[in-house]
$ cat structure23.tsv   # TSV, C-alpha atoms
chain	number	residue	atom	x	y	z
A	1	MET	CA	82.85	117.58	82.91
A	2	TYR	CA	83.64	117.91	86.62
A	3	THR	CA	87.03	119.30	87.62
A	4	HIS	CA	87.04	119.57	91.44
A	5	CYS	CA	87.45	116.98	94.20
A	6	ILE	CA	84.22	115.85	95.84
A	7	PHE	CA	85.88	115.79	99.25
A	8	CYS	CA	88.27	118.76	99.54
A	9	LYS	CA	87.02	120.81	96.54
A	10	ALA	CA	90.58	121.24	95.21
A	11	GLU	CA	91.20	121.28	91.45
A	12	LEU	CA	91.91	117.82	90.06
A	13	GLY	CA	94.20	119.00	87.28
A	14	SER	CA	94.16	117.74	83.71
A	15	ASN	CA	95.87	115.31	81.36
A	16	GLU	CA	96.30	115.10	77.60
A	17	ALA	CA	96.67	111.31	77.38
A	18	ILE	CA	93.09	110.08	77.95
A	19	GLU	CA	91.04	111.81	75.26
A	20	LYS	CA	87.70	110.64	76.66
A	21	PHE	CA	88.54	111.83	80.17
A	22	PRO	CA	91.12	114.66	80.26
A	23	VAL	CA	90.64	115.31	84.01
A	24	GLY	CA	93.15	114.42	86.71
A	25	ARG	CA	96.85	113.72	87.09
A	26	ARG	CA	96.31	110.26	88.58
A	27	LEU	CA	93.54	107.90	87.44
A	28	ALA	CA	92.64	104.57	89.02
A	29	PHE	CA	90.58	102.09	87.06
A	30	ASP	CA	88.95	98.69	87.50
A	31	ALA	CA	88.19	97.30	84.05
A	32	GLU	CA	86.31	94.26	85.35
A	33	HIS	CA	83.76	96.28	87.34
A	34	GLY	CA	83.76	99.37	85.14
A	35	ARG	CA	85.01	101.82	87.75
A	36	LEU	CA	87.12	104.89	87.07
A	37	TRP	CA	88.39	107.16	89.83
A	38	VAL	CA	90.24	110.46	89.77
A	39	VAL	CA	92.74	110.54	92.63
A	40	CYS	CA	92.95	114.02	94.14
A	41	ARG	CA	96.61	114.96	94.56
A	42	SER	CA	95.67	117.36	97.33
A	43	CYS	CA	93.87	115.00	99.74
A	44	GLU	CA	94.67	111.64	98.01
A	45	ARG	CA	91.03	110.53	98.08
A	46	TRP	CA	89.49	108.63	95.18
A	47	ASN	CA	86.64	110.35	93.31
A	48	LEU	CA	84.46	107.82	91.51
A	49	THR	CA	83.45	109.23	88.12
A	50	PRO	CA	79.74	109.28	87.16
A	51	LEU	CA	80.40	109.82	83.47
A	52	GLU	CA	78.77	107.65	80.82
A	53	GLU	CA	82.00	107.72	78.80
A	54	ARG	CA	83.91	105.91	81.54
A	55	TRP	CA	83.98	102.58	79.63
A	56	GLU	CA	85.80	104.13	76.68
A	57	ALA	CA	88.10	105.99	79.07
A	58	ILE	CA	88.83	102.74	80.94
A	59	GLU	CA	89.76	101.05	77.65
A	60	ASP	CA	92.22	103.88	76.92
A	61	CYS	CA	93.67	103.57	80.44
A	62	GLU	CA	94.13	99.82	79.99
A	63	ARG	CA	95.84	100.29	76.64
A	64	PHE	CA	98.21	102.98	77.92
A	65	TYR	CA	98.96	100.92	81.02
A	66	ARG	CA	99.96	97.88	78.99
A	67	ASP	CA	102.07	99.92	76.58
A	68	THR	CA	104.16	101.74	79.17
A	69	ARG	CA	107.36	100.25	80.57
A	70	THR	CA	107.63	102.54	83.59
A	71	ARG	CA	105.48	100.68	86.05
A	72	VAL	CA	105.51	98.78	89.32
A	73	SER	CA	102.94	96.19	90.20
A	74	THR	CA	101.89	93.37	92.45
A	75	GLU	CA	99.76	90.49	91.27
A	76	ASN	CA	96.56	92.51	91.56
A	77	ILE	CA	97.39	96.24	91.55
A	78	GLY	CA	99.82	98.17	89.39
A	79	LEU	CA	101.07	101.73	89.00
A	80	ALA	CA	102.28	103.12	85.67
A	81	ARG	CA	103.62	106.57	84.84
A	82	LEU	CA	103.10	107.85	81.31
A	83	ALA	CA	105.54	110.15	79.55
A	84	GLU	CA	102.89	112.90	79.70
A	85	GLY	CA	103.08	112.82	83.51
A	86	LEU	CA	99.80	110.95	84.07
A	87	ASP	CA	99.79	108.18	86.70
A	88	LEU	CA	97.58	105.13	86.12
A	89	VAL	CA	96.59	102.77	88.93
A	90	ARG	CA	95.26	99.48	87.54
A	91	VAL	CA	93.04	97.54	89.95
A	92	GLY	CA	92.71	93.82	89.23
A	93	ARG	CA	91.34	91.40	91.82
A	94	PRO	CA	93.06	92.42	95.05
A	95	GLN	CA	92.22	91.16	98.50
A	96	LEU	CA	90.86	93.82	100.83
A	97	PRO	CA	94.13	94.45	102.76
A	98	GLU	CA	96.04	95.11	99.52
A	99	PHE	CA	93.33	97.35	98.06
A	100	ALA	CA	92.99	99.31	101.31
A	101	ALA	CA	96.74	99.87	101.46
A	102	TRP	CA	96.65	101.41	97.97
A	103	ARG	CA	93.43	103.36	98.33
A	104	TYR	CA	93.50	104.54	101.95
A	105	GLY	CA	97.08	104.07	103.11
A	106	GLU	CA	98.58	107.03	101.27
A	107	GLN	CA	95.76	109.44	102.08
A	108	LEU	CA	95.73	108.58	105.79
A	109	VAL	CA	99.50	108.81	106.12
A	110	ARG	CA	99.46	112.16	104.30
A	111	ARG	CA	96.59	113.32	106.52
A	112	ARG	CA	98.71	112.40	109.52
A	113	ARG	CA	101.65	114.46	108.22
A	114	GLN	CA	99.40	117.43	107.49
A	115	TYR	CA	97.87	117.24	110.97
A	116	TRP	CA	101.25	117.40	112.70
A	117	PHE	CA	102.44	120.11	110.31
A	118	VAL	CA	99.40	122.24	111.19
A	119	ALA	CA	99.81	121.41	114.87
A	120	GLY	CA	103.44	122.51	114.71
A	121	GLY	CA	102.49	125.72	112.90
A	122	THR	CA	99.80	126.41	115.47
A	123	GLY	CA	102.31	125.87	118.24
A	124	LEU	CA	104.65	128.37	116.61
A	125	VAL	CA	101.84	130.92	116.36
A	126	ILE	CA	101.06	130.38	120.04
A	127	VAL	CA	104.68	130.98	120.98
A	128	VAL	CA	104.75	134.20	118.93
A	129	LEU	CA	101.42	135.45	120.26
A	130	ALA	CA	102.36	134.50	123.77
A	131	GLY	CA	105.55	136.54	123.55
A	132	ILE	CA	103.72	139.75	122.66
A	133	PRO	CA	101.72	140.11	125.91
A	134	LEU	CA	104.75	139.06	127.94
A	135	ILE	CA	106.79	141.82	126.35
A	136	ALA	CA	103.93	144.24	126.91
A	137	GLY	CA	103.71	143.19	130.55
A	138	VAL	CA	100.35	141.42	130.28
A	139	GLY	CA	99.70	138.70	132.83
A	140	VAL	CA	100.59	135.06	132.23
A	141	GLY	CA	96.90	134.13	132.55
A	142	PHE	CA	96.19	135.59	129.12
A	143	VAL	CA	99.05	133.60	127.60
A	144	GLY	CA	97.53	130.37	128.88
A	145	GLN	CA	94.27	131.17	127.09
A	146	VAL	CA	95.88	131.53	123.64
A	147	PRO	CA	95.56	127.79	122.73
A	148	ASN	CA	91.91	127.82	123.82
A	149	ILE	CA	91.20	130.88	121.67
A	150	ILE	CA	92.75	129.29	118.58
A	151	ASN	CA	90.88	126.02	119.17
A	152	ALA	CA	87.59	127.91	119.63
A	153	ILE	CA	88.08	129.70	116.31
A	154	ARG	CA	88.86	126.46	114.46
A	155	SER	CA	85.90	124.67	116.07
A	156	ARG	CA	83.46	127.17	114.55
A	157	ARG	CA	84.53	126.40	110.98
A	158	VAL	CA	81.69	124.80	108.97
A	159	VAL	CA	82.84	121.44	107.60
A	160	ALA	CA	79.66	119.84	106.21
A	161	ARG	CA	75.99	120.24	105.33
A	162	VAL	CA	73.90	117.37	106.65
A	163	THR	CA	70.38	116.42	105.54
A	164	THR	CA	68.25	116.23	108.70
A	165	GLY	CA	64.83	115.78	107.10
A	166	PRO	CA	62.90	116.07	103.83
A	167	GLY	CA	64.18	119.27	102.23
A	168	GLU	CA	66.05	120.22	105.40
A	169	GLU	CA	69.78	120.79	105.67
A	170	GLN	CA	71.85	121.88	108.65
A	171	THR	CA	75.46	123.03	108.75
A	172	VAL	CA	77.86	121.19	111.06
A	173	THR	CA	80.97	122.85	112.46
A	174	LEU	CA	84.25	121.15	113.26
A	175	GLY	CA	83.44	121.32	116.96
A	176	GLN	CA	80.06	119.67	116.40
A	177	ALA	CA	81.62	116.99	114.17
A	178	ARG	CA	83.81	115.96	117.09
A	179	LYS	CA	80.66	115.20	119.09
A	180	VAL	CA	79.00	112.82	116.63
A	181	GLY	CA	77.57	109.82	118.43
A	182	LEU	CA	76.75	106.26	117.34
A	183	PHE	CA	74.22	104.02	119.07
A	184	SER	CA	72.21	100.90	118.38
A	185	VAL	CA	68.59	100.15	119.28
A	186	ASN	CA	66.76	96.95	118.36
A	187	ASP	CA	69.55	95.86	115.96
A	188	ARG	CA	69.43	99.18	114.07
A	189	TRP	CA	72.17	101.79	114.22
A	190	TYR	CA	71.74	105.55	114.44
A	191	LEU	CA	74.05	108.52	114.07
A	192	GLU	CA	73.49	111.37	116.51
A	193	VAL	CA	74.56	114.66	114.88
A	194	LYS	CA	74.76	118.01	116.63
A	195	HIS	CA	74.09	121.16	114.62
A	196	LYS	CA	72.93	124.74	115.06
A	197	ALA	CA	69.27	123.78	115.43
A	198	GLY	CA	69.93	121.06	118.02
A	199	ASP	CA	70.52	117.29	117.84
A	200	THR	CA	69.21	114.89	115.20
A	201	SER	CA	69.31	111.10	115.16
A	202	LEU	CA	69.79	109.83	111.62
A	203	GLU	CA	69.43	106.35	110.17
A	204	GLY	CA	69.62	104.66	106.79
A	205	ASP	CA	70.90	106.63	103.78
A	206	ALA	CA	70.88	109.93	105.69
A	207	ALA	CA	73.15	108.46	108.38
A	208	LEU	CA	75.46	106.98	105.73
A	209	ARG	CA	75.81	110.30	103.91
A	210	ALA	CA	76.42	112.21	107.15
A	211	ALA	CA	79.00	109.66	108.31
A	212	SER	CA	80.90	109.89	105.01
A	213	LEU	CA	81.09	113.69	105.37
A	214	LEU	CA	81.99	113.85	109.06
A	215	LEU	CA	84.30	110.88	109.65
A	216	PRO	CA	87.25	112.40	107.70
A	217	HIS	CA	87.15	115.35	110.13
A	218	ILE	CA	86.88	113.03	113.13
A	219	ASN	CA	89.87	111.12	111.71
A	220	ALA	CA	91.83	114.30	111.00
A	221	LYS	CA	94.95	112.90	112.69
A	222	GLY	CA	95.25	110.27	109.96
A	223	ALA	CA	96.96	106.95	110.61
A	224	ASN	CA	100.16	104.99	110.19
A	225	PRO	CA	100.32	101.82	108.03
A	226	GLU	CA	99.83	99.53	111.04
A	227	GLN	CA	96.64	101.32	112.03
A	228	VAL	CA	95.36	101.11	108.44
A	229	GLN	CA	95.79	97.34	108.46
A	230	ALA	CA	94.14	97.10	111.88
A	231	ALA	CA	91.16	98.95	110.42
A	232	VAL	CA	91.07	96.52	107.49
A	233	ARG	CA	90.91	93.61	109.94
A	234	GLU	CA	87.90	95.26	111.56
A	235	LEU	CA	86.27	95.52	108.12
A	236	GLN	CA	86.90	91.85	107.43
A	237	ARG	CA	85.14	90.83	110.65
A	238	SER	CA	81.87	92.33	109.37
A	239	SER	CA	79.79	91.08	106.47
A	240	ASP	CA	78.65	94.57	105.45
A	241	MET	CA	78.66	98.22	106.49
A	242	ASP	CA	75.48	98.01	108.57
A	243	GLN	CA	76.89	95.17	110.64
A	244	LEU	CA	80.11	97.13	111.20
A	245	PHE	CA	78.29	100.23	112.47
A	246	ARG	CA	75.80	98.24	114.53
A	247	GLY	CA	78.47	95.95	115.97
A	248	SER	CA	80.78	98.85	116.82
A	249	ALA	CA	78.01	100.60	118.71
A	250	GLN	CA	77.13	97.45	120.63
A	251	ARG	CA	80.76	96.68	121.48
A	252	PHE	CA	81.93	100.09	122.56
A	253	GLN	CA	79.01	102.27	123.62
A	254	PRO	CA	78.63	102.55	127.41
A	255	LEU	CA	76.04	100.46	129.21
A	256	PHE	CA	72.74	102.25	129.70
A	257	ASP	CA	73.03	104.94	132.34
A	258	ALA	CA	69.67	106.31	133.46
A	259	ARG	CA	71.26	109.49	134.75
A	260	ALA	CA	72.87	110.41	131.40
A	261	ALA	CA	70.48	108.90	128.83
A	262	GLU	CA	67.65	110.87	127.22
A	263	LEU	CA	64.37	109.76	125.76
A	264	HIS	CA	64.79	108.81	122.10
A	265	THR	CA	61.26	109.12	120.70
A	266	ALA	CA	61.78	110.18	117.09
A	267	ARG	CA	62.37	106.73	115.65
A	268	THR	CA	62.33	104.11	118.39
A	269	GLY	CA	58.75	104.16	119.65
A	270	ASN	CA	59.20	106.19	122.85
A	271	ARG	CA	62.01	104.03	124.19
A	272	THR	CA	64.97	105.15	126.19
A	273	ARG	CA	68.22	104.68	124.31
A	274	PRO	CA	71.79	103.93	125.42
A	275	VAL	CA	74.33	106.67	125.81
A	276	PRO	CA	75.96	106.85	122.35
A	277	LEU	CA	79.52	105.95	121.50
A	278	TYR	CA	81.18	109.27	120.69
A	279	LEU	CA	83.22	108.49	117.62
A	280	ASN	CA	86.13	110.74	118.49
A	281	LYS	CA	86.58	108.60	121.62
A	282	ALA	CA	86.38	105.27	119.76
A	283	PRO	CA	89.54	103.21	119.08
A	284	VAL	CA	91.37	104.57	116.04
A	285	GLU	CA	90.99	101.34	114.04
A	286	ILE	CA	87.21	101.47	114.53
A	287	ARG	CA	86.98	105.07	113.33
A	288	LEU	CA	89.12	104.32	110.29
A	289	ALA	CA	87.16	101.16	109.45
A	290	LEU	CA	83.88	103.10	109.60
A	291	GLU	CA	85.26	105.77	107.25
A	292	MET	CA	86.46	103.14	104.75
A	293	ALA	CA	83.11	101.33	104.93
A	294	THR	CA	81.11	104.47	104.19
A	295	HIS	CA	83.10	105.16	101.01
A	296	GLU	CA	82.71	101.58	99.76
A	297	ALA	CA	78.98	101.56	100.55
A	298	GLN	CA	78.36	104.94	98.92
A	299	GLU	CA	80.08	103.92	95.71
A	300	ARG	CA	78.17	100.65	95.54
A	301	ARG	CA	74.83	102.40	96.09
A	302	ALA	CA	75.75	105.12	93.60
A	303	LEU	CA	76.46	102.53	90.92
A	304	GLU	CA	73.26	100.66	91.71
A	305	GLY	CA	71.26	103.90	91.64
A	306	GLU	CA	72.49	104.96	88.19
A	307	LEU	CA	74.98	107.37	89.75
A	308	ALA	CA	72.38	110.07	90.49
A	309	GLU	CA	73.70	110.69	94.01
A	310	LEU	CA	77.26	110.83	92.72
A	311	GLU	CA	76.27	113.39	90.09
A	312	THR	CA	74.79	115.52	92.88
A	313	MET	CA	77.98	115.32	94.94
A	314	TRP	CA	80.10	116.40	91.96
A	315	ARG	CA	77.78	119.30	91.19
A	316	GLU	CA	77.96	120.45	94.82
A	317	ALA	CA	81.76	120.34	94.65
A	318	GLU	CA	81.73	122.45	91.47
A	319	GLU	CA	79.29	124.97	93.00
A	320	ILE	CA	81.33	125.37	96.17
A	321	ALA	CA	84.54	125.72	94.15
A	322	SER	CA	82.85	128.31	91.95
A	323	ILE	CA	81.73	130.29	94.98
A	324	SER	CA	85.29	130.20	96.35
A	325	ASP	CA	86.67	131.42	93.02
A	326	ASN	CA	84.17	134.26	92.82
A	327	LEU	CA	85.12	135.45	96.29
A	328	LEU	CA	88.42	136.55	94.77
A	329	LEU	CA	86.69	138.86	92.24
A	330	PRO	CA	85.25	142.33	92.92
A	331	ALA	CA	81.45	142.56	92.77
A	332	SER	CA	81.65	144.94	89.80
A	333	ILE	CA	83.45	142.28	87.72
A	334	THR	CA	80.94	139.51	88.53
A	335	ASP	CA	78.05	141.89	87.77
A	336	PHE	CA	79.65	142.68	84.42
A	337	PHE	CA	79.86	138.97	83.56
A	338	LYS	CA	76.21	138.45	84.55
A	339	ARG	CA	75.00	141.38	82.39
A	340	ASN	CA	76.90	140.10	79.38
A	341	GLN	CA	75.55	136.60	79.93
A	342	ARG	CA	71.96	137.95	79.98
A	343	ASP	CA	72.63	139.95	76.83
A	344	ASP	CA	73.94	136.84	75.06
A	345	LEU	CA	70.88	134.84	76.09
A	346	GLY	CA	68.59	137.70	75.03

$ encode --input "structure23.tsv" --output "structure tokens"
Amino acid sequence: MYTHCIFCKAELGSNEAIEKFPVGRRLAFDAEHGRLWVVCRSCERWNLTPLEERWEAIEDCERFYRDTRTRVSTENIGLARLAEGLDLVRVGRPQLPEFAAWRYGEQLVRRRRQYWFVAGGTGLVIVVLAGIPLIAGVGVGFVGQVPNIINAIRSRRVVARVTTGPGEEQTVTLGQARKVGLFSVNDRWYLEVKHKAGDTSLEGDAALRAASLLLPHINAKGANPEQVQAAVRELQRSSDMDQLFRGSAQRFQPLFDARAAELHTARTGNRTRPVPLYLNKAPVEIRLALEMATHEAQERRALEGELAELETMWREAEEIASISDNLLLPASITDFFKRNQRDDLG
């Protein structure tokens, strides 16, 4: 049973109330559509569960929700807190604005707070570091470079692994994620991703997966409630995710500029393509709407595809979390565990 968040890899915690699914401190469930999410209390994102036992777990959630008196609810969505400390979010038949406010509002507002907290902490570090050379008599020119040095270090942090071809994966740093481009050719949309090996134009499922991984980093500043609702209105103007991505590219990407455009031969039949819309420059409501759309589309495709992709995402989260845990142990200890494991198998 998976125990770490797909998105931030933090531990999801545990509960003793839902016997069939003892993972998580907040569960959201949709009994009508058979969906069960674990809400990560670290990043507030909703992890759709791929477990076959989810129907029985949903029945337990429904029963506990109805039995508890400590709850608040609207007509379509309710929140109940059990005596054991488990929170249950019951999803009925909400309209998109109401559902988005529950699902994305809290995480984006928290992301906004975290961004400014980190920015404030970084500013404090800059002040401290700047004071040292001044005391030592170093020139003011060095002090002015401190913010650039910190930003350069952060930009090199790897934030995602993106599939760029059959059996090929490339790592993407935070700095490269900020340069993701979106463009449309012949009513098809493409995501231009920069990575160590160069640039790759993705489409279809590969573009969807890459967008879902990179947009949270592009939207690192989060949003306020008004911006969340503006993003929902953008979602409502489009019939599906493909139309939203394609329409956004067509509305906001610059007109073709022969001096700046490059030949796009990989997938468009040796045609020149428009200069892409760089997502970090797009209006905030567009960026947020695209992020919301990728999550909705991924979950729908995962359910239609018997959850195989979702299982893979959970396994990756567990593997990365395991690697992080092992980094805290000396090599001699991990070798000891491996030897004992081989002896047991032998």

$ residues_near_point --input "structure23.tsv" --point "(73.2, 97.6, 111.5)" --cutoff "10 Å" --atoms "all atoms listed in the file" --output "ChimeraX atom specification"
/A:183-190,203-204,240-250

$ residues_around --input "structure23.tsv" --residues "Ala57 of chain A" --least-positions-apart "2" --cutoff "6 Å" --atoms "only C-alpha atoms" --output "list in words"
Lys20, Phe21, Arg54, Trp55, Glu59 and Asp60 of chain A

$ atom_distance --input "structure23.tsv" --atom1 "atom CA of Asp205 of chain A" --atom2 "atom CA of Leu182 of chain A"
14.8 Å

$ atom_distance --input "structure23.tsv" --atom1 "atom CA of Leu235 of chain A" --atom2 "atom CA of Cys43 of chain A"
22.5 Å

$ closest_residue --input "structure23.tsv" --among "A:Val193, A:Leu48, A:Val159, A:Leu202" --to "Leu174 of chain A" --atoms "all atoms listed in the file"
A:Val159

$ closest_residue --input "structure23.tsv" --among "A:Arg237, A:His295, A:Arg315, A:Lys179" --to "Tyr278 of chain A" --atoms "all atoms listed in the file"
A:Lys179

$ atom_distance --input "structure23.tsv" --atom1 "atom CA of Ala289 of chain A" --atom2 "atom CA of Gln114 of chain A"
20.5 Å

$ residues_near_point --input "structure23.tsv" --point "(87.1, 115.4, 111.5)" --cutoff "12 Å" --atoms "only C-alpha atoms" --output "VMD selection string"
chain A and resid 111 115 154 to 155 157 to 160 172 to 180 210 to 222 279 to 280 287 to 288 291

$ residues_around --input "structure23.tsv" --residues "Arg69 of chain A" --least-positions-apart "2" --cutoff "10 Å" --atoms "only C-alpha atoms" --output "list in words"
Phe64, Tyr65, Arg66, Asp67, Arg71, Val72, Ala80, Arg81 and Leu82 of chain A

$ write_last_selection --input "structure23.tsv" --atoms "C-alpha atoms" --output "short mmCIF file (atom, residue, chain, number, x, y, z; two decimals), keeping the file's coordinate frame"
data_model
loop_
_atom_site.label_atom_id
_atom_site.label_comp_id
_atom_site.auth_asym_id
_atom_site.auth_seq_id
_atom_site.Cartn_x
_atom_site.Cartn_y
_atom_site.Cartn_z
CA PHE A 64 98.21 102.98 77.92
CA TYR A 65 98.96 100.92 81.02
CA ARG A 66 99.96 97.88 78.99
CA ASP A 67 102.07 99.92 76.58
CA ARG A 71 105.48 100.68 86.05
CA VAL A 72 105.51 98.78 89.32
CA ALA A 80 102.28 103.12 85.67
CA ARG A 81 103.62 106.57 84.84
CA LEU A 82 103.10 107.85 81.31
#

$ residues_around --input "structure23.tsv" --residues "Ile6 of chain A" --least-positions-apart "6" --cutoff "9 Å" --atoms "only C-alpha atoms" --output "PyMOL selection string"
chain A and resi 45-47+313-318

$ axis_aligned_box --input "structure23.tsv" --around "segment 5-14 of chain A" --padding-each-side "5 Å" --output "lines of an AutoDock Vina configuration file"
center_x = 89.2
center_y = 118.5
center_z = 91.6
size_x = 20.0
size_y = 15.5
size_z = 25.8

$ closest_residue --input "structure23.tsv" --among "A:Ala197, A:Val109, A:Ala206, A:Leu191" --to "Pro225 of chain A" --atoms "all atoms listed in the file"
A:Val109

$ decode --input "structure23.tsv" --residues "segment 56-69 of chain A" --atoms "N, CA, C and O atoms" --output "mmCIF file, in the first residue's frame"
data_model
loop_
_atom_site.group_PDB
_atom_site.id
_atom_site.type_symbol
_atom_site.label_atom_id
_atom_site.label_comp_id
_atom_site.auth_asym_id
_atom_site.auth_seq_id
_atom_site.Cartn_x
_atom_site.Cartn_y
_atom_site.Cartn_z
ATOM 1 N N GLU A 56 -14.780 -0.597 -1.179
ATOM 2 C CA GLU A 56 -15.086 -0.906 0.217
ATOM 3 C C GLU A 56 -14.644 0.237 1.120
ATOM 4 O O GLU A 56 -15.331 0.562 2.098
ATOM 5 N N ALA A 57 -13.507 0.857 0.803
ATOM 6 C CA ALA A 57 -13.039 1.994 1.598
ATOM 7 C C ALA A 57 -13.996 3.173 1.462
ATOM 8 O O ALA A 57 -14.267 3.877 2.449
ATOM 9 N N ILE A 58 -14.528 3.393 0.262
ATOM 10 C CA ILE A 58 -15.483 4.479 0.042
ATOM 11 C C ILE A 58 -16.754 4.239 0.853
ATOM 12 O O ILE A 58 -17.326 5.176 1.436
ATOM 13 N N GLU A 59 -17.215 3.005 0.913
ATOM 14 C CA GLU A 59 -18.395 2.683 1.719
ATOM 15 C C GLU A 59 -18.151 3.002 3.192
ATOM 16 O O GLU A 59 -19.029 3.545 3.872
ATOM 17 N N ASP A 60 -16.953 2.681 3.691
ATOM 18 C CA ASP A 60 -16.626 3.006 5.082
ATOM 19 C C ASP A 60 -16.587 4.515 5.287
ATOM 20 O O ASP A 60 -17.071 5.025 6.309
ATOM 21 N N CYS A 61 -16.014 5.243 4.315
ATOM 22 C CA CYS A 61 -15.965 6.705 4.420
ATOM 23 C C CYS A 61 -17.374 7.299 4.465
ATOM 24 O O CYS A 61 -17.656 8.195 5.275
ATOM 25 N N GLU A 62 -18.249 6.790 3.608
ATOM 26 C CA GLU A 62 -19.636 7.274 3.578
ATOM 27 C C GLU A 62 -20.335 7.010 4.904
ATOM 28 O O GLU A 62 -21.040 7.878 5.442
ATOM 29 N N ARG A 63 -20.122 5.843 5.453
ATOM 30 C CA ARG A 63 -20.777 5.489 6.718
ATOM 31 C C ARG A 63 -20.272 6.371 7.855
ATOM 32 O O ARG A 63 -21.059 6.901 8.634
ATOM 33 N N PHE A 64 -18.960 6.547 7.945
ATOM 34 C CA PHE A 64 -18.400 7.390 8.997
ATOM 35 C C PHE A 64 -18.841 8.845 8.826
ATOM 36 O O PHE A 64 -19.102 9.543 9.809
ATOM 37 N N TYR A 65 -18.914 9.288 7.566
ATOM 38 C CA TYR A 65 -19.317 10.667 7.319
ATOM 39 C C TYR A 65 -20.741 10.914 7.814
ATOM 40 O O TYR A 65 -21.028 11.927 8.452
ATOM 41 N N ARG A 66 -21.626 9.990 7.522
ATOM 42 C CA ARG A 66 -23.029 10.154 7.926
ATOM 43 C C ARG A 66 -23.197 10.057 9.442
ATOM 44 O O ARG A 66 -24.101 10.688 10.005
ATOM 45 N N ASP A 67 -22.340 9.284 10.088
ATOM 46 C CA ASP A 67 -22.497 9.066 11.526
ATOM 47 C C ASP A 67 -21.931 10.195 12.377
ATOM 48 O O ASP A 67 -22.305 10.343 13.539
ATOM 49 N N THR A 68 -20.996 10.971 11.821
ATOM 50 C CA THR A 68 -20.372 12.013 12.633
ATOM 51 C C THR A 68 -21.214 13.280 12.653
ATOM 52 O O THR A 68 -21.907 13.607 11.686
ATOM 53 N N ARG A 69 -21.171 13.984 13.782
ATOM 54 C CA ARG A 69 -21.922 15.230 13.920
ATOM 55 C C ARG A 69 -21.042 16.453 13.677
ATOM 56 O O ARG A 69 -21.553 17.543 13.456
#
